[in-house]
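Q: One structure is given below, represented as structure tokens, and several questions about it will come after.
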Amino acid sequence: MSTKIYNGYIIKKKFTLQELNDRMILLREKFKIEIMEQFKWIYINQLYLFEDLYVVNQDLCIEKMKAFKLLNKITDSNNALKEIACNVLFNVREKVEEASKSDIYNVYDLSAEIQIYPLDDKILLRFFGNDRLEQILLNEEDIEEYHYQNQSDRPEDISEEEWNDREKNWETVNPTLVPAKRGFGVQLFYENDLPFMLDEVFTKMDVSILKHSLEKRTKLMAEQCYQYPKFTGNNWNVFMEPEYKEFIKEKSEEFRQPLINAGDPIEKLYQIYTK
């Protein structure tokens with residue numbers, strides 16, 4: 001029978017149920033912090049796109065926001081900065097919730113769950129969810145990577161005895177290879193942890209890390225909001241041509257001065273919500 005455990009981990013100690021619960025609470029807190037940081041990163045990327053596009057081309061911005069299912073119009077042009085920011089927040093939050101319930105991965109997926117399999121003297125874990133979040137487990141002192149598969153040769157840095165132990169342990173805890181049929185699951189992502197209000201995003205933000213350079217902002221708009229004239233729908237090779245790079249460069253330069261005049265929208269929002 002084929003066995004592939006790529007997402008396996010081990011805790012080499014015994015726990016009472018109370019101790020295990022306490023350990024999972026601590027782990028959840030670390031995941032909560034990292035999930036919030038990744039949510040902010042997704043949000044800020046989208047926010048720059050629409051805030052900057054509104055400065056350069058309001059009609060195109062409204063068109064793109066409708067396609068993104070944000071809003072149909074700006075109700076108060078004097079308050080456009082906050083209005084766009086609020087609608088992008090609600091939209092990104094909804095997309096993260098939907099993606100985290102789906103089996104198909106996309107950039108909005110912030111799901112994180114572990115399945116726990118107790119043995120007499122150790123605990124095996126399997127992680128399911130966002131690969132970037134999985135790195136948290138590798139940084140935990142009491143949790144070690146513990147993969148196994150029988151379709152390839154044993155890794156050189158793992159002894160034959162340990163490799164055989166891994167095979168035996170994984171077959172013991174998960175004989176059917178269906179993760180949820182044995183052990184018990186711990187949810188590490190909760191929708192309620194995501195921010196509802198703008199002040200929740202900006203008051204605890206390191207704006208110096210999340211701010212984009214002017215070059216990145218202008219290039220993002222050129223790539224995502226303006227169609228390359230030579231692209232007809234399936235001739236993807238045109239994006240590898242020097243002419244495409246020149247198109248992006250010219251468009252980016254076109255946006256440069258209006259964005260300088262308008263100022264950085266993330267810096268403005270940060271100042272508003274950290275007064």
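A note on labels: chains of the structure tokens are A, B, ... as shown, every chain counts residues from 1, and ligands are counted from 1 in their shown order.
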Among segment 44-192 of chain A, which ones does DSSP place in strand (DSSP E), written as a short mmCIF file (atom, residue, chain, number, x, y, z; two decimals) with C-alpha atoms, in the first residue's frame?
A:
```cif
data_model
loop_
_atom_site.label_atom_id
_atom_site.label_comp_id
_atom_site.auth_asym_id
_atom_site.auth_seq_id
_atom_site.Cartn_x
_atom_site.Cartn_y
_atom_site.Cartn_z
CA ALA A 112 -4.67 25.92 9.52
CA GLU A 113 -5.60 22.67 11.25
CA ILE A 114 -3.72 19.79 12.83
CA GLN A 115 -4.83 16.22 13.38
CA ILE A 116 -3.42 14.74 16.60
CA TYR A 117 -2.56 11.04 17.01
CA PRO A 118 -1.47 10.03 20.54
CA ILE A 123 2.28 12.35 19.79
CA LEU A 124 2.15 12.48 16.01
CA LEU A 125 0.67 15.45 14.19
CA ARG A 126 -0.42 16.17 10.63
CA PHE A 127 -0.84 19.72 9.40
CA PHE A 128 -3.43 20.82 6.84
CA GLY A 129 -3.69 24.31 5.46
CA GLU A 144 9.97 17.99 14.98
CA GLU A 145 9.38 17.18 11.33
CA TYR A 148 7.45 9.27 5.77
CA GLN A 149 6.81 7.75 2.36
CA PHE A 184 -8.75 14.30 16.80
CA GLY A 185 -8.51 17.65 15.09
CA VAL A 186 -7.53 21.07 16.39
CA GLN A 187 -8.62 24.15 14.47
#
```
Q: Which segment 121-229 of chain A residues have any atom within 10 Å of an atom of segment 52-62 of chain A, and for each, what is the nearest pair of atoms with distance in Å to one decimal, counting only C-alpha atoms, rows sorted by chain and number, as a tab-separated table?
A:
```
residue	atom	partner	partner_atom	distance
A:Arg217	CA	A:Asp52	CA	7.6
A:Thr218	CA	A:Asp52	CA	8.3
A:Leu220	CA	A:Asp52	CA	9.7
A:Met221	CA	A:Leu53	CA	6.9
A:Ala222	CA	A:Leu53	CA	9.8
A:Cys225	CA	A:Leu60	CA	8.2
A:Tyr226	CA	A:Leu60	CA	9.5
```
Q: So which one's closest to Glu253 of chain A, A:Lys219, A:Lys66, A:Arg182, A:Lys204? Using only C-alpha atoms, please.
A: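 So, comparing all the options, the nearest one is A:Lys219.
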Q: With a distance cut-off of 12 Å and only C-alpha atoms, select the neighbouring residues of Val88 of chain A, excluding the residue or stretch itself and same-chain residues fewer than 3 positions from it, and output the selection as a ChimeraX atom specification.
A: /A:40,42-51,64-66,68-71,80-85,91-95,196-198
Q: Please produce a file of those selected residues containing C-alpha atoms, as a JSON list (two decimals), in the first residue's frame.
A:
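Generated file (selection29.json):
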```
[["chain", "number", "residue", "atom", "x", "y", "z"],
["A", 40, "LYS", "CA", -2.79, 42.34, 6.61],
["A", 42, "ILE", "CA", -3.17, 40.36, 1.53],
["A", 43, "TYR", "CA", -5.34, 43.31, 2.50],
["A", 44, "ILE", "CA", -2.68, 45.97, 1.99],
["A", 45, "ASN", "CA", -1.79, 44.61, -1.47],
["A", 46, "GLN", "CA", -5.42, 44.88, -2.58],
["A", 47, "LEU", "CA", -5.91, 48.21, -0.87],
["A", 48, "TYR", "CA", -2.96, 49.85, -2.64],
["A", 49, "LEU", "CA", -4.31, 48.67, -5.98],
["A", 50, "PHE", "CA", -7.76, 50.26, -5.57],
["A", 51, "GLU", "CA", -6.69, 53.38, -3.69],
["A", 64, "LYS", "CA", -12.63, 47.09, -11.29],
["A", 65, "MET", "CA", -14.28, 47.32, -7.89],
["A", 66, "LYS", "CA", -17.58, 46.10, -9.36],
["A", 68, "PHE", "CA", -14.10, 42.45, -7.56],
["A", 69, "LYS", "CA", -17.57, 42.63, -5.94],
["A", 70, "LEU", "CA", -16.56, 45.54, -3.77],
["A", 71, "LEU", "CA", -19.08, 48.31, -4.33],
["A", 80, "ALA", "CA", -13.11, 57.96, -0.79],
["A", 81, "LEU", "CA", -9.96, 56.93, 1.07],
["A", 82, "LYS", "CA", -11.89, 55.40, 4.00],
["A", 83, "GLU", "CA", -14.76, 54.16, 1.85],
["A", 84, "ILE", "CA", -12.47, 52.15, -0.40],
["A", 85, "ALA", "CA", -10.45, 50.89, 2.58],
["A", 91, "ASN", "CA", -14.29, 41.88, 0.66],
["A", 92, "VAL", "CA", -10.89, 40.42, 1.56],
["A", 93, "ARG", "CA", -12.28, 39.10, 4.84],
["A", 94, "GLU", "CA", -15.08, 37.34, 2.96],
["A", 95, "LYS", "CA", -12.65, 35.88, 0.42],
["A", 196, "PHE", "CA", -13.92, 43.79, 11.17],
["A", 197, "MET", "CA", -12.88, 47.43, 11.58],
["A", 198, "LEU", "CA", -10.12, 49.52, 10.04]]
```
Q: Can you check which residues of segment 123-268 of chain A DSSP gives as alpha helix (DSSP H) on the backbone and send them as a VMD selection string?
A: chain A and resid 131 to 138 160 to 173 198 to 202 207 to 210 214 to 225 242 to 262 265 to 268
Q: Skip Leu138 of chain A itself and residues of its chain fewer than 2 positions away, then list as an MDAnalysis selection string all residues within 12 Å of it, counting only C-alpha atoms.
A: chainID A and resid 7:11 27 127 131:136 140:146
Q: For those residues, write C-alpha atoms to a file as a compact mmCIF listing (two decimals), in the first residue's frame.
A:
```
# COMPACT_ATOMS: atom_id res chain seq x y z
CA ASN A 7 2.94 16.96 6.52
CA GLY A 8 3.93 14.84 9.52
CA TYR A 9 5.33 16.04 12.85
CA ILE A 10 6.14 14.53 16.23
CA ILE A 11 6.16 15.64 19.85
CA LEU A 27 0.10 27.09 19.59
CA PHE A 127 -0.84 19.72 9.40
CA ASP A 131 2.06 26.17 3.62
CA ARG A 132 3.44 29.45 4.95
CA LEU A 133 1.65 28.92 8.25
CA GLU A 134 3.06 25.41 8.51
CA GLN A 135 6.49 26.96 9.08
CA ILE A 136 5.36 27.87 12.59
CA GLU A 140 8.60 25.05 17.90
CA GLU A 141 11.28 23.53 20.16
CA ASP A 142 9.23 20.49 21.14
CA ILE A 143 7.86 19.72 17.64
CA GLU A 144 9.97 17.99 14.98
CA GLU A 145 9.38 17.18 11.33
CA TYR A 146 8.36 13.52 10.95
```
Q: Could you check how far atom CA of Asn79 of chain A sits from atom CA of Glu97 of chain A, in Å to one decimal?
A: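 Atom-to-atom, atom CA of Asn79 of chain A to atom CA of Glu97 of chain A, that is 27.5 Å.
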Q: Enter the distance from atom CA of Asn130 of chain A to atom CA of Ile209 of chain A, in Å, rounded to one decimal.
A: 21.6 Å
Q: For a test of reading the model, state the distance in Å between atom CA of Glu246 of chain A and atom CA of Ile266 of chain A, rounded to one decimal.
A: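 So the two atoms, atom CA of Glu246 of chain A and atom CA of Ile266 of chain A, lie 28.2 Å apart.
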Q: Considering only C-alpha atoms, state which residue in the set A:Tyr228, A:Phe39, A:Phe15, A:Phe90 is at the smallest distance from Leu119 of chain A.
A: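 When distances to Leu119 of chain A are compared using only C-alpha atoms, the smallest one comes from A:Phe15.
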Q: When you count only C-alpha atoms, which of these residues is closest to Tyr108 of chain A: A:Ile158, A:Ile35, A:Cys86, A:Ile74?
A: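 Between A:Ile158, A:Ile35, A:Cys86, A:Ile74, the residue approaching Tyr108 of chain A most closely is A:Ile35.
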Q: Could you check which of A:Glu191, A:Glu29, A:Asp121, A:Asp76 is closest to Val96 of chain A, using only C-alpha atoms?
A: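 Using only C-alpha atoms, Val96 of chain A sits closest to A:Glu191.
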Q: Please identify all polymer residues within 10 Å of Tyr244 of chain A, counting only C-alpha atoms, omitting same-chain residues fewer than 4 positions from it, and present them as an mmCIF file with C-alpha atoms, in the first residue's frame.
A:
```cif
data_model
loop_
_atom_site.group_PDB
_atom_site.id
_atom_site.type_symbol
_atom_site.label_atom_id
_atom_site.label_comp_id
_atom_site.auth_asym_id
_atom_site.auth_seq_id
_atom_site.Cartn_x
_atom_site.Cartn_y
_atom_site.Cartn_z
ATOM 1 C CA GLU A 223 0.117 44.834 -14.724
ATOM 2 C CA TYR A 228 -1.636 44.718 -23.003
ATOM 3 C CA PRO A 229 -2.858 45.506 -26.563
ATOM 4 C CA LYS A 230 -1.025 42.564 -28.134
ATOM 5 C CA PHE A 231 -2.658 40.012 -25.811
ATOM 6 C CA VAL A 238 3.658 38.012 -25.569
ATOM 7 C CA PHE A 239 4.283 38.679 -21.881
ATOM 8 C CA MET A 240 7.832 37.415 -22.336
ATOM 9 C CA ILE A 248 4.670 48.264 -18.312
ATOM 10 C CA LYS A 249 7.490 50.785 -17.956
ATOM 11 C CA GLU A 250 5.621 53.476 -19.908
#
```
Q: Go through A:Glu243, A:Asp153, A:Asp165, A:Glu267 one by one, measure the shortest atom-to-atom distance of each to Ser208 of chain A using only C-alpha atoms, and give the residue with the smallest value.
A: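 Between A:Glu243, A:Asp153, A:Asp165, A:Glu267, the residue approaching Ser208 of chain A most closely is A:Glu267.
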